[in-house]
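Coordinates from work29.csv are shown below (CSV, C-alpha atoms).
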chain,number,residue,atom,x,y,z
A,12,MET,CA,-4.6,38.5,46.3
A,13,GLU,CA,-1.2,38.8,44.6
A,14,ALA,CA,-0.7,38.7,40.9
A,15,ALA,CA,1.7,36.3,39.3
A,16,SER,CA,4.5,39.0,39.4
A,17,GLY,CA,4.3,39.0,43.2
A,18,VAL,CA,3.1,42.6,43.1
A,19,PRO,CA,0.5,43.2,45.9
A,20,TYR,CA,-3.1,43.6,44.8
A,21,ILE,CA,-4.3,47.0,46.1
A,22,ARG,CA,-8.1,46.9,46.5
A,23,ASN,CA,-8.7,50.6,46.1
A,24,SER,CA,-6.7,51.0,42.9
A,25,GLU,CA,-8.0,50.6,39.4
A,26,HIS,CA,-7.3,47.2,37.8
A,27,THR,CA,-7.9,45.5,34.5
A,28,PHE,CA,-9.7,42.1,34.7
A,29,GLN,CA,-9.9,39.8,31.6
A,30,LEU,CA,-11.8,36.5,31.3
A,31,ILE,CA,-10.3,34.9,28.2
A,32,SER,CA,-12.7,32.2,27.1
A,33,THR,CA,-12.0,28.9,25.2
A,34,ALA,CA,-14.7,26.6,24.0
A,35,GLY,CA,-13.8,23.0,24.8
A,36,PRO,CA,-14.9,19.6,23.6
A,37,GLY,CA,-18.2,18.2,24.6
A,38,GLY,CA,-19.7,21.6,25.5
A,39,THR,CA,-17.1,22.2,28.2
A,40,ASN,CA,-16.1,25.8,28.3
A,41,THR,CA,-13.1,27.2,30.2
A,42,CYS,CA,-11.5,30.6,30.7
A,43,THR,CA,-8.4,32.2,32.1
A,44,LEU,CA,-8.6,34.9,34.7
A,45,VAL,CA,-6.0,37.6,33.9
A,46,VAL,CA,-5.5,40.6,36.2
A,47,ASP,CA,-3.4,43.6,35.1
A,48,GLY,CA,-1.9,41.4,32.4
A,49,PHE,CA,-0.9,38.6,34.7
A,50,THR,CA,-2.5,35.1,34.6
A,51,ILE,CA,-4.2,34.4,38.0
A,52,ARG,CA,-5.9,31.1,37.1
A,53,SER,CA,-6.4,29.1,34.0
A,54,GLY,CA,-8.8,26.2,33.1
A,55,ILE,CA,-11.7,27.7,35.0
A,56,GLU,CA,-14.9,26.0,33.8
A,57,TYR,CA,-17.9,28.2,33.4
A,58,PHE,CA,-21.5,28.1,32.3
A,59,ILE,CA,-24.0,30.9,31.2
A,60,SER,CA,-27.6,30.9,32.2
A,61,GLY,CA,-30.5,33.3,32.6
A,62,SER,CA,-33.3,34.9,30.7
A,63,ASP,CA,-33.9,38.6,31.6
A,64,ASN,CA,-30.6,38.6,33.6
A,65,ILE,CA,-27.5,36.9,32.2
A,66,ARG,CA,-25.4,35.3,34.8
A,67,MET,CA,-22.0,33.6,34.5
A,68,GLY,CA,-21.3,30.8,37.0
A,69,TRP,CA,-18.1,29.1,38.0
A,70,VAL,CA,-17.5,25.4,38.5
A,71,LYS,CA,-15.1,24.5,41.3
A,72,THR,CA,-12.7,21.9,39.8
A,73,SER,CA,-10.1,21.5,42.6
A,74,SER,CA,-10.1,21.0,46.3
A,75,ALA,CA,-8.4,24.4,46.9
A,76,ASP,CA,-10.6,27.4,47.8
A,77,ILE,CA,-10.7,30.0,45.1
A,78,TYR,CA,-11.9,33.6,45.8
A,79,TYR,CA,-12.7,36.2,43.2
A,80,ASP,CA,-13.3,39.7,44.7
A,81,ASP,CA,-15.9,42.1,43.2
A,82,ILE,CA,-15.8,40.9,39.6
A,83,TYR,CA,-18.6,42.1,37.4
A,84,VAL,CA,-19.1,40.4,34.0
A,85,LYS,CA,-20.9,42.3,31.3
A,86,LEU,CA,-21.9,40.2,28.2
A,87,LYS,CA,-22.2,42.7,25.4
A,88,GLY,CA,-24.8,42.0,22.7
A,89,ILE,CA,-26.4,39.0,24.4
A,90,ALA,CA,-29.6,40.8,25.5
A,91,TYR,CA,-30.2,42.2,22.0
A,92,ALA,CA,-29.6,38.7,20.4
A,93,GLU,CA,-32.1,37.1,22.8
A,94,TRP,CA,-34.7,39.8,22.0
A,95,THR,CA,-34.3,39.2,18.2
A,96,ASP,CA,-34.9,35.4,18.8
A,97,GLU,CA,-37.9,36.2,21.0
A,98,LYS,CA,-39.4,38.4,18.3
A,99,GLY,CA,-38.9,35.8,15.6
A,100,LEU,CA,-36.3,37.7,13.6
A,101,ALA,CA,-34.0,35.6,11.3
A,102,GLU,CA,-30.2,35.6,11.6
A,103,GLY,CA,-28.7,37.4,8.6
A,104,VAL,CA,-32.1,38.2,7.1
A,105,ASN,CA,-33.8,40.9,9.3
A,106,ASN,CA,-32.1,40.8,12.7
A,107,ALA,CA,-29.5,43.5,12.2
A,108,ARG,CA,-29.8,46.6,14.4
A,109,SER,CA,-30.2,48.8,11.3
A,110,ASP,CA,-32.9,46.6,9.7
A,111,ASP,CA,-36.6,47.7,9.6
A,112,PRO,CA,-38.5,44.5,8.7
A,113,ASP,CA,-42.0,46.1,9.4
A,114,THR,CA,-41.1,49.2,7.4
A,115,ASP,CA,-42.5,51.5,10.0
A,116,GLY,CA,-39.6,53.9,9.9
A,117,MET,CA,-38.0,52.5,13.1
A,118,ASN,CA,-35.0,50.2,12.9
A,119,ASN,CA,-34.6,47.2,15.2
A,120,LEU,CA,-32.4,49.0,17.7
A,121,THR,CA,-35.0,51.7,18.2
A,122,GLU,CA,-37.8,49.1,18.5
A,123,TYR,CA,-35.6,47.2,21.1
A,124,ALA,CA,-34.9,50.3,23.1
A,125,LEU,CA,-38.4,51.8,23.1
A,126,GLY,CA,-40.4,48.5,23.5
A,127,GLY,CA,-41.7,48.0,20.0
A,128,ASP,CA,-42.5,45.0,17.9
A,129,PRO,CA,-40.1,44.8,14.9
A,130,LEU,CA,-42.6,42.8,12.9
A,131,LEU,CA,-45.6,45.1,13.6
A,132,ASP,CA,-46.2,48.7,12.5
A,133,ASP,CA,-46.5,50.1,16.0
A,134,ALA,CA,-44.5,53.3,15.6
A,135,ALA,CA,-47.4,55.5,16.7
A,136,SER,CA,-47.7,53.8,20.0
A,137,ILE,CA,-44.0,53.9,21.1
A,138,LEU,CA,-42.6,57.1,19.5
A,139,PRO,CA,-41.8,60.0,21.8
A,140,THR,CA,-44.6,62.4,22.5
A,141,PHE,CA,-44.3,66.2,22.9
A,142,ALA,CA,-46.5,69.2,23.8
A,143,ILE,CA,-45.8,72.9,24.2
A,144,MET,CA,-46.5,74.0,27.7
A,145,ASP,CA,-46.9,77.5,29.3
A,146,ALA,CA,-44.0,78.1,31.8
A,147,GLY,CA,-45.5,81.4,32.9
A,148,GLY,CA,-44.1,84.9,32.5
A,149,GLY,CA,-44.5,84.7,28.8
A,150,SER,CA,-42.2,81.8,28.3
A,151,ASN,CA,-42.9,78.2,27.1
A,152,PHE,CA,-41.2,74.8,27.2
A,153,MET,CA,-41.6,71.6,25.4
A,154,ASP,CA,-42.7,68.5,27.4
A,155,TYR,CA,-40.9,65.7,25.6
A,156,VAL,CA,-41.6,62.1,26.8
A,157,TYR,CA,-40.0,58.8,25.6
A,158,ASN,CA,-39.8,55.2,26.7
A,159,ARG,CA,-36.6,53.8,28.3
A,160,ARG,CA,-35.7,50.4,29.5
A,161,LEU,CA,-35.3,50.1,33.3
A,162,ASP,CA,-32.1,48.1,32.9
A,163,ALA,CA,-30.7,50.2,30.0
A,164,ALA,CA,-27.3,50.5,31.6
A,165,ASP,CA,-26.9,46.7,32.0
A,166,ARG,CA,-27.9,46.3,28.4
A,167,GLY,CA,-25.4,48.9,27.3
A,168,LEU,CA,-28.1,51.3,26.0
A,169,ALA,CA,-27.8,55.1,26.3
A,170,TYR,CA,-30.6,57.5,25.5
A,171,GLY,CA,-30.0,61.2,24.9
A,172,LEU,CA,-31.5,64.3,23.2
A,173,ASN,CA,-30.3,66.4,20.3
A,174,VAL,CA,-31.6,69.9,19.8
A,175,SER,CA,-31.4,72.4,16.9
A,176,THR,CA,-33.0,75.7,15.9
A,177,ASN,CA,-33.0,74.7,12.2
A,178,LEU,CA,-32.4,71.6,10.2
A,179,GLN,CA,-29.5,73.1,8.3
A,180,SER,CA,-27.2,73.5,11.2
A,181,ASP,CA,-25.5,70.9,13.3
A,182,TRP,CA,-27.5,69.2,16.1
A,183,ILE,CA,-26.4,69.9,19.7
A,184,TYR,CA,-26.3,66.9,21.9
A,185,VAL,CA,-27.7,67.7,25.4
A,186,GLY,CA,-28.1,64.1,26.6
A,187,ASN,CA,-30.3,64.0,29.7
A,188,ALA,CA,-29.8,67.7,30.7
A,189,TYR,CA,-33.5,68.4,30.5
A,190,GLU,CA,-34.7,65.3,32.2
A,191,THR,CA,-37.2,66.1,34.9
A,192,GLY,CA,-38.4,62.7,36.1
A,193,SER,CA,-39.6,59.2,35.2
A,194,ALA,CA,-42.5,56.9,35.9
A,195,GLY,CA,-42.8,53.2,35.5
A,196,ILE,CA,-44.8,51.8,32.6
A,197,ASP,CA,-44.4,48.1,33.3
A,198,PRO,CA,-41.7,45.8,34.8
A,199,SER,CA,-39.4,46.5,31.9
A,200,PHE,CA,-39.9,50.2,30.8
A,201,GLU,CA,-40.4,53.7,32.2
A,202,SER,CA,-41.5,56.9,30.7
A,203,VAL,CA,-38.9,59.7,30.8
A,204,SER,CA,-40.1,63.4,30.9
A,205,ASN,CA,-38.0,66.2,29.7
A,206,SER,CA,-38.7,70.0,29.9
A,207,ILE,CA,-36.9,71.7,27.0
A,208,PRO,CA,-36.9,75.5,26.9
A,209,VAL,CA,-38.5,77.0,23.8
A,210,SER,CA,-37.1,80.2,22.3
A,211,GLY,CA,-37.6,81.7,18.9
A,212,VAL,CA,-40.3,80.6,16.5
A,213,LYS,CA,-39.1,77.1,15.8
A,214,GLY,CA,-36.9,74.3,17.2
A,215,PHE,CA,-36.2,70.7,16.7
A,216,VAL,CA,-35.6,67.7,19.0
A,217,ASN,CA,-34.6,64.1,18.3
A,218,LEU,CA,-33.9,61.1,20.5
A,219,GLU,CA,-30.5,59.5,20.0
A,220,ILE,CA,-30.2,55.8,21.1
A,221,THR,CA,-26.8,54.1,21.2
A,222,GLU,CA,-25.6,50.7,22.3
A,223,GLU,CA,-22.1,50.0,23.7
Could you take the file, read its structure, and then write that structure out as structure tokens?
Amino acid sequence: MEAASGVPYIRNSEHTFQLISTAGPGGTNTCTLVVDGFTIRSGIEYFISGSDNIRMGWVKTSSADIYYDDIYVKLKGIAYAEWTDEKGLAEGVNNARSDDPDTDGMNNLTEYALGGDPLLDDAASILPTFAIMDAGGGSNFMDYVYNRRLDAADRGLAYGLNVSTNLQSDWIYVGNAYETGSAGIDPSFESVSNSIPVSGVKGFVNLEITEE
């Protein structure tokens, strides 16, 4: 493929793809494919479908063959919006990521990431669990387990741990450095085990969940 400038398209180089969408009359949507700042094709009709997996499909509108090589489309925020609809949350009322409609101490983003019900006080059943374990030789570790979506990366979700020796100092982000394994819970979630070294008389851990 060559861009509009006539510059050869080098497959193994890094490129910037843009799909610039325009809503048309009668529910017809079109977009323009732009590669490295150059328009490759305009007026491409598309549709969006799917439930658990969101897919974007293309409508062939001309007799000429059109090829798009290795394009991955990530629709940010769609999965969370579908989840809020499924759970019966109301737009602009209690569906924001920071809202906590069931007042159980977990906001909607946390409920979404851990598999909770935003309208039911179920914090005790989905919050991370921990136990102090004997590592032998006079040392201990904390076994810290939390739920994670199996398709977290596709949903733009990231899970990571913060640790601290006291609540007055800054937390240290360690991400998944202490992750030791995972096991499936159901078709959507897995439990993630972490072995965190224990030193001193006290320590603190929290789970940080972010969404791109």
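Across the model, the gap from atom CA of Thr176 of chain A to atom CA of Ile143 of chain A is 15.5 Å.
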So what do you get for atom CA of Asp111 of chain A versus atom CA of Gln179 of chain A, distance-wise? 26.4 Å
In Å, with one decimal, what is the gap from atom CA of Ala146 of chain A to atom CA of Asn187 of chain A?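 Interatomic distance, atom CA of Ala146 of chain A to atom CA of Asn187 of chain A: 19.8 Å.
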Residue nearest Ser199 of chain A among A:Arg160, A:His26, A:Arg108, A:Lys98 (counting only C-alpha atoms): A:Arg160
Within 7 Å of Val174 of chain A using only C-alpha atoms, minus same-chain residues under 2 positions, as a ChimeraX atom specification: /A:172,182-184,215-217
